[in-house]
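Report on the following structure.
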Amino acid sequence: LGIDTRSGQKADNARSDTIMIVHVSASHREAYMLSVPRDLRVNVPGHGYRKINGAFQAGLGPKGDWAGGLKVAAQVVGKLTGITFEAAVVVDFAGFNKVIKALGSVRMCVEADTRSIHHFMVKGKPKYIGGMLDDKEADAYADRTGNQRYVHRKGCRDMQDWEALDFARQRYLPDNSLDYGRQRHQQQLMQAMVAKATSAGVLTDIGKVNNLIRAAGESMLMSLPRGMDVIDFFFAMQDIAAADLLSLKTNGGWFNGYVINKESFEDLN
């Protein structure tokens, strides 16, 4: 679960806009990754029907208990798919930043020039500006301040933590694929992180391994199989290269939506 916590946000208001299911083969030689559309309409126990990204929020309680949110989200996704989960991870924006920073950089490919709604060019340098909900608000801010939107240029390159995470967060994409495009880029980011983490340069550098494990431990809520700790989990997964982390799509990677009371939802076909 990737959650959308921000500074100043109420503790009980976090949603899991990113939901991924990962299946690791018994041989630990390959894994399969499936993104769950955040707008799926589901029945959350005790809260009625809502978008599936709200299942995590429903379990938070007034103090923002991530473990409570994870429990409800796992129940809802499990009922939707018929899957019983053996492990889970919850991470927020800051957590991803820490892990990518520990890796040094990740190699990402941008299919077409993409304008950010989160980063703007301020005095010649990209700077995060919060509060933009969509293209219109981002354009209005740029017009008002003269700070133009940062553009992720087409091509493949090594990205620093802020750039990789910012690109993977964009929903307003040139191909109008919205959340499905964002799912595609988030899966690409996961593959890039695995590629870097399992590269010889990281696994043979004890300092980098320690930094990576520390970043993961500090930045995430990890619910692992009984008796397994972060180090065990990390080394159990080391044989999975990025090429063996296979992406799967719901709905063929495109929309299957409907509207109830003027609110848009997704369905699985």
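Order determines the names: the first chain of the structure tokens is A, the second B, and so forth; residues in each chain are numbered 1 upward, and ligands are numbered 1 upward as they are shown.
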
Per-residue DSSP, stretch 93-188 of chain A, filtered to helix (DSSP H, G or I), as JSON, numbers by chain:
{"A": [93, 94, 95, 96, 97, 98, 99, 100, 101, 102, 103, 135, 136, 137, 138, 139, 140, 141, 142, 143, 144, 145, 161, 162, 163, 164, 165, 166, 167, 168, 169, 178, 179, 180, 181, 182, 183, 184, 185, 186, 187, 188]}

Would you write out those residues with N, CA and C atoms, as a short mmCIF file (atom, residue, chain, number, x, y, z; two decimals), in the first residue's frame?
```cif
data_model
loop_
_atom_site.label_atom_id
_atom_site.label_comp_id
_atom_site.auth_asym_id
_atom_site.auth_seq_id
_atom_site.Cartn_x
_atom_site.Cartn_y
_atom_site.Cartn_z
N PHE A 93 5.11 8.74 0.86
CA PHE A 93 6.03 9.40 -0.06
C PHE A 93 7.44 9.49 0.52
N ALA A 94 7.54 9.91 1.77
CA ALA A 94 8.84 10.09 2.41
C ALA A 94 9.60 8.77 2.48
N GLY A 95 8.87 7.68 2.71
CA GLY A 95 9.49 6.38 2.77
C GLY A 95 10.12 5.97 1.46
N PHE A 96 9.39 6.18 0.36
CA PHE A 96 9.95 5.87 -0.96
C PHE A 96 11.18 6.72 -1.22
N ASN A 97 11.13 7.99 -0.85
CA ASN A 97 12.28 8.86 -1.04
C ASN A 97 13.51 8.31 -0.33
N LYS A 98 13.33 7.85 0.92
CA LYS A 98 14.46 7.34 1.70
C LYS A 98 15.06 6.10 1.05
N VAL A 99 14.20 5.20 0.57
CA VAL A 99 14.71 3.96 -0.01
C VAL A 99 15.45 4.24 -1.32
N ILE A 100 14.88 5.09 -2.18
CA ILE A 100 15.55 5.40 -3.44
C ILE A 100 16.84 6.16 -3.18
N LYS A 101 16.84 7.03 -2.19
CA LYS A 101 18.06 7.76 -1.83
C LYS A 101 19.13 6.78 -1.36
N ALA A 102 18.73 5.74 -0.61
CA ALA A 102 19.69 4.74 -0.16
C ALA A 102 20.25 3.95 -1.35
N LEU A 103 19.43 3.78 -2.39
CA LEU A 103 19.90 3.08 -3.60
C LEU A 103 20.81 3.97 -4.44
N ASP A 135 -4.41 19.40 -13.54
CA ASP A 135 -3.74 20.24 -14.53
C ASP A 135 -4.17 21.71 -14.43
N LYS A 136 -5.47 21.95 -14.23
CA LYS A 136 -5.97 23.32 -14.20
C LYS A 136 -5.34 24.11 -13.05
N GLU A 137 -5.30 23.50 -11.87
CA GLU A 137 -4.72 24.20 -10.73
C GLU A 137 -3.22 24.42 -10.92
N ALA A 138 -2.54 23.45 -11.50
CA ALA A 138 -1.11 23.59 -11.74
C ALA A 138 -0.84 24.71 -12.75
N ASP A 139 -1.64 24.76 -13.81
CA ASP A 139 -1.48 25.82 -14.81
C ASP A 139 -1.78 27.19 -14.21
N ALA A 140 -2.82 27.26 -13.37
CA ALA A 140 -3.19 28.53 -12.74
C ALA A 140 -2.06 29.02 -11.85
N TYR A 141 -1.43 28.10 -11.11
CA TYR A 141 -0.32 28.49 -10.24
C TYR A 141 0.85 29.00 -11.08
N ALA A 142 1.13 28.31 -12.20
CA ALA A 142 2.23 28.73 -13.07
C ALA A 142 1.97 30.11 -13.66
N ASP A 143 0.73 30.36 -14.08
CA ASP A 143 0.38 31.67 -14.65
C ASP A 143 0.48 32.77 -13.60
N ARG A 144 0.06 32.44 -12.38
CA ARG A 144 0.02 33.43 -11.31
C ARG A 144 1.43 33.80 -10.81
N THR A 145 2.32 32.82 -10.77
CA THR A 145 3.64 33.04 -10.17
C THR A 145 4.77 33.18 -11.18
N ASP A 161 15.85 10.44 -6.29
CA ASP A 161 14.64 10.03 -5.57
C ASP A 161 13.44 10.92 -5.89
N TRP A 162 13.60 12.24 -5.82
CA TRP A 162 12.46 13.15 -6.00
C TRP A 162 11.90 13.05 -7.41
N GLU A 163 12.79 12.90 -8.42
CA GLU A 163 12.34 12.89 -9.81
C GLU A 163 11.60 11.59 -10.13
N ALA A 164 12.15 10.45 -9.70
CA ALA A 164 11.51 9.16 -9.97
C ALA A 164 10.14 9.07 -9.32
N LEU A 165 10.06 9.50 -8.06
CA LEU A 165 8.78 9.44 -7.35
C LEU A 165 7.78 10.42 -7.95
N ASP A 166 8.24 11.60 -8.33
CA ASP A 166 7.33 12.58 -8.92
C ASP A 166 6.76 12.06 -10.24
N PHE A 167 7.60 11.46 -11.08
CA PHE A 167 7.11 10.93 -12.36
C PHE A 167 6.09 9.82 -12.12
N ALA A 168 6.35 8.95 -11.14
CA ALA A 168 5.45 7.83 -10.87
C ALA A 168 4.13 8.28 -10.25
N ARG A 169 4.06 9.53 -9.77
CA ARG A 169 2.83 10.04 -9.16
C ARG A 169 1.90 10.73 -10.17
N LEU A 178 -4.56 8.44 -17.36
CA LEU A 178 -4.87 8.77 -15.98
C LEU A 178 -4.33 7.72 -15.00
N ASP A 179 -5.21 7.14 -14.15
CA ASP A 179 -4.72 6.26 -13.11
C ASP A 179 -4.08 5.00 -13.67
N TYR A 180 -4.53 4.53 -14.84
CA TYR A 180 -3.91 3.34 -15.43
C TYR A 180 -2.49 3.64 -15.89
N GLY A 181 -2.25 4.85 -16.40
CA GLY A 181 -0.89 5.25 -16.75
C GLY A 181 -0.03 5.37 -15.51
N ARG A 182 -0.61 5.92 -14.44
CA ARG A 182 0.13 6.02 -13.19
C ARG A 182 0.48 4.64 -12.65
N GLN A 183 -0.45 3.69 -12.74
CA GLN A 183 -0.15 2.32 -12.32
C GLN A 183 1.03 1.76 -13.11
N ARG A 184 1.04 2.01 -14.41
CA ARG A 184 2.13 1.52 -15.28
C ARG A 184 3.47 2.09 -14.83
N HIS A 185 3.49 3.37 -14.53
CA HIS A 185 4.75 4.01 -14.11
C HIS A 185 5.17 3.58 -12.70
N GLN A 186 4.20 3.33 -11.83
CA GLN A 186 4.53 2.85 -10.49
C GLN A 186 5.13 1.44 -10.56
N GLN A 187 4.60 0.60 -11.44
CA GLN A 187 5.18 -0.73 -11.61
C GLN A 187 6.59 -0.61 -12.19
N GLN A 188 6.78 0.32 -13.12
CA GLN A 188 8.11 0.55 -13.66
C GLN A 188 9.08 0.98 -12.56
#
```

Proximity of stretch 179-211 of chain A to stretch 241-246 of chain A: per-residue shortest pair, 9 Å limit, only C-alpha atoms, as CSV:
```
residue,atom,partner,partner_atom,distance
A:Met190,CA,A:Ala242,CA,8.5
A:Gln191,CA,A:Ala242,CA,5.0
A:Ala192,CA,A:Ala242,CA,6.7
A:Met193,CA,A:Ala242,CA,8.1
A:Val194,CA,A:Ala242,CA,5.5
A:Ala195,CA,A:Ala242,CA,4.7
A:Lys196,CA,A:Ala242,CA,8.5
A:Ala197,CA,A:Ala241,CA,8.9
A:Thr198,CA,A:Ala241,CA,6.3
A:Ser199,CA,A:Ala241,CA,8.2
```

Selection file, C-alpha atoms, as a PDB file, in the first residue's frame:
```
ATOM      1  CA  MET A 190       9.180  -0.952  -8.532  1.00  0.00           C
ATOM      2  CA  GLN A 191      11.061  -2.834 -11.270  1.00  0.00           C
ATOM      3  CA  ALA A 192      13.731  -0.111 -11.330  1.00  0.00           C
ATOM      4  CA  MET A 193      14.143  -0.299  -7.547  1.00  0.00           C
ATOM      5  CA  VAL A 194      14.473  -4.095  -7.679  1.00  0.00           C
ATOM      6  CA  ALA A 195      17.012  -3.802 -10.513  1.00  0.00           C
ATOM      7  CA  LYS A 196      19.139  -1.426  -8.483  1.00  0.00           C
ATOM      8  CA  ALA A 197      18.756  -3.271  -5.176  1.00  0.00           C
ATOM      9  CA  THR A 198      19.753  -6.622  -6.719  1.00  0.00           C
ATOM     10  CA  SER A 199      22.653  -5.238  -8.748  1.00  0.00           C
TER      11      SER A 199
END
```

Would you please work out which residue, of A:Met121, A:Ala67, A:Cys156, A:Ile240, is nearest to A:Ser223 when using only C-alpha atoms?
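Of the candidates, the smallest distance to A:Ser223 is held by A:Ala67.
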
To one decimal place in Å, what is the distance between atom CA of A:Phe120 and atom CA of A:Gln148?
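Atom CA of A:Gln148 lies 5.5 Å from atom CA of A:Phe120.
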
How many Å separate atom CA of A:Lys127 from atom CA of A:Lys154?
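Separation of atom CA of A:Lys127 and atom CA of A:Lys154: 20.0 Å.
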
Env of A:Ile52: 9 Å cut, atoms = only C-alpha atoms, seq-sep filter 3 positions within chain, self excluded. Answer as a PDB file with N, CA, C and O atoms, in the first residue's frame.
```
ATOM      1  N   SER A  16      -4.945   4.918   0.577  1.00  0.00           N
ATOM      2  CA  SER A  16      -3.953   4.123  -0.160  1.00  0.00           C
ATOM      3  C   SER A  16      -4.260   4.222  -1.654  1.00  0.00           C
ATOM      4  O   SER A  16      -4.906   3.352  -2.224  1.00  0.00           O
ATOM      5  N   ASP A  17      -3.779   5.311  -2.270  1.00  0.00           N
ATOM      6  CA  ASP A  17      -4.017   5.499  -3.704  1.00  0.00           C
ATOM      7  C   ASP A  17      -3.259   4.474  -4.532  1.00  0.00           C
ATOM      8  O   ASP A  17      -3.594   4.234  -5.696  1.00  0.00           O
ATOM      9  N   ILE A  19      -2.246   0.540  -4.635  1.00  0.00           N
ATOM     10  CA  ILE A  19      -2.453  -0.794  -4.074  1.00  0.00           C
ATOM     11  C   ILE A  19      -1.864  -1.792  -5.066  1.00  0.00           C
ATOM     12  O   ILE A  19      -2.292  -1.862  -6.217  1.00  0.00           O
ATOM     13  N   VAL A  36      -4.050  -2.630  -8.326  1.00  0.00           N
ATOM     14  CA  VAL A  36      -5.504  -2.602  -8.139  1.00  0.00           C
ATOM     15  C   VAL A  36      -5.984  -1.166  -8.361  1.00  0.00           C
ATOM     16  O   VAL A  36      -5.503  -0.250  -7.687  1.00  0.00           O
ATOM     17  N   PRO A  37      -6.889  -0.915  -9.311  1.00  0.00           N
ATOM     18  CA  PRO A  37      -7.365   0.453  -9.548  1.00  0.00           C
ATOM     19  C   PRO A  37      -7.911   1.081  -8.271  1.00  0.00           C
ATOM     20  O   PRO A  37      -8.726   0.474  -7.573  1.00  0.00           O
ATOM     21  N   ARG A  38      -7.493   2.287  -7.976  1.00  0.00           N
ATOM     22  CA  ARG A  38      -7.876   2.927  -6.707  1.00  0.00           C
ATOM     23  C   ARG A  38      -9.355   3.271  -6.654  1.00  0.00           C
ATOM     24  O   ARG A  38      -9.912   3.497  -5.576  1.00  0.00           O
ATOM     25  N   ASP A  39     -10.050   3.347  -7.810  1.00  0.00           N
ATOM     26  CA  ASP A  39     -11.453   3.763  -7.850  1.00  0.00           C
ATOM     27  C   ASP A  39     -12.428   2.590  -7.886  1.00  0.00           C
ATOM     28  O   ASP A  39     -13.623   2.795  -8.110  1.00  0.00           O
ATOM     29  N   LEU A  40     -11.946   1.359  -7.666  1.00  0.00           N
ATOM     30  CA  LEU A  40     -12.871   0.232  -7.613  1.00  0.00           C
ATOM     31  C   LEU A  40     -13.892   0.455  -6.495  1.00  0.00           C
ATOM     32  O   LEU A  40     -13.540   0.857  -5.388  1.00  0.00           O
ATOM     33  N   ARG A  41     -15.149   0.182  -6.783  1.00  0.00           N
ATOM     34  CA  ARG A  41     -16.207   0.332  -5.782  1.00  0.00           C
ATOM     35  C   ARG A  41     -16.348  -0.973  -5.023  1.00  0.00           C
ATOM     36  O   ARG A  41     -16.642  -2.027  -5.604  1.00  0.00           O
ATOM     37  N   VAL A  42     -16.130  -0.909  -3.704  1.00  0.00           N
ATOM     38  CA  VAL A  42     -16.173  -2.112  -2.874  1.00  0.00           C
ATOM     39  C   VAL A  42     -16.960  -1.833  -1.598  1.00  0.00           C
ATOM     40  O   VAL A  42     -17.172  -0.678  -1.222  1.00  0.00           O
ATOM     41  N   ASN A  43     -17.360  -2.906  -0.940  1.00  0.00           N
ATOM     42  CA  ASN A  43     -18.061  -2.794   0.338  1.00  0.00           C
ATOM     43  C   ASN A  43     -17.034  -2.913   1.467  1.00  0.00           C
ATOM     44  O   ASN A  43     -16.415  -3.966   1.648  1.00  0.00           O
ATOM     45  N   VAL A  44     -16.835  -1.834   2.195  1.00  0.00           N
ATOM     46  CA  VAL A  44     -15.894  -1.825   3.321  1.00  0.00           C
ATOM     47  C   VAL A  44     -16.686  -2.117   4.592  1.00  0.00           C
ATOM     48  O   VAL A  44     -17.612  -1.364   4.921  1.00  0.00           O
ATOM     49  N   TYR A  49     -20.381   1.126   0.898  1.00  0.00           N
ATOM     50  CA  TYR A  49     -19.670   1.119  -0.383  1.00  0.00           C
ATOM     51  C   TYR A  49     -18.882   2.407  -0.563  1.00  0.00           C
ATOM     52  O   TYR A  49     -19.377   3.506  -0.306  1.00  0.00           O
ATOM     53  N   ALA A  55     -10.480   2.079   1.888  1.00  0.00           N
ATOM     54  CA  ALA A  55     -10.509   0.972   2.857  1.00  0.00           C
ATOM     55  C   ALA A  55      -9.428   1.168   3.919  1.00  0.00           C
ATOM     56  O   ALA A  55      -9.656   0.938   5.107  1.00  0.00           O
ATOM     57  N   PHE A  56      -8.247   1.615   3.495  1.00  0.00           N
ATOM     58  CA  PHE A  56      -7.163   1.878   4.441  1.00  0.00           C
ATOM     59  C   PHE A  56      -7.575   2.968   5.420  1.00  0.00           C
ATOM     60  O   PHE A  56      -7.380   2.843   6.636  1.00  0.00           O
ATOM     61  N   ALA A  73      -7.740  -2.838   4.791  1.00  0.00           N
ATOM     62  CA  ALA A  73      -7.434  -2.881   3.362  1.00  0.00           C
ATOM     63  C   ALA A  73      -7.163  -4.310   2.907  1.00  0.00           C
ATOM     64  O   ALA A  73      -7.630  -4.738   1.839  1.00  0.00           O
ATOM     65  N   VAL A  76     -10.408  -6.222   2.598  1.00  0.00           N
ATOM     66  CA  VAL A  76     -11.216  -5.836   1.436  1.00  0.00           C
ATOM     67  C   VAL A  76     -10.598  -6.364   0.147  1.00  0.00           C
ATOM     68  O   VAL A  76     -11.297  -6.923  -0.708  1.00  0.00           O
ATOM     69  N   VAL A  77      -9.280  -6.198  -0.010  1.00  0.00           N
ATOM     70  CA  VAL A  77      -8.623  -6.688  -1.222  1.00  0.00           C
ATOM     71  C   VAL A  77      -8.676  -8.210  -1.257  1.00  0.00           C
ATOM     72  O   VAL A  77      -8.852  -8.818  -2.320  1.00  0.00           O
TER      73      VAL A  77
END
```

At what distance in Å, to one decimal, does atom CA of A:Ala215 lie from atom CA of A:His28?
23.1 Å

Applying 10 Å and only C-alpha atoms, which residues near A:Gln75 remain after dropping the ones on its own chain fewer than 5 positions away? List them as number ranges by chain.
A: 44-45, 55-56, 70, 80, 82-85

Applying 6 Å and only C-alpha atoms, which residues near A:Met33 remain after dropping the ones on its own chain fewer than 5 positions away? List them as a PyMOL selection string.
chain A and resi 21-22+246-248

Given only C-alpha atoms as the basis, pick out the residue of A:His23, A:Arg214, A:Arg149, A:Arg15 nearest to A:Gly2.
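Ranking A:His23, A:Arg214, A:Arg149, A:Arg15 by distance to A:Gly2, first place goes to A:Arg15.
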
Could you check which of A:Gly146, A:Gly8, A:Leu189, A:Asp158 is closest to A:Lys123, using only C-alpha atoms?
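Residue with the minimum atom-to-atom distance to A:Lys123: A:Gly146.
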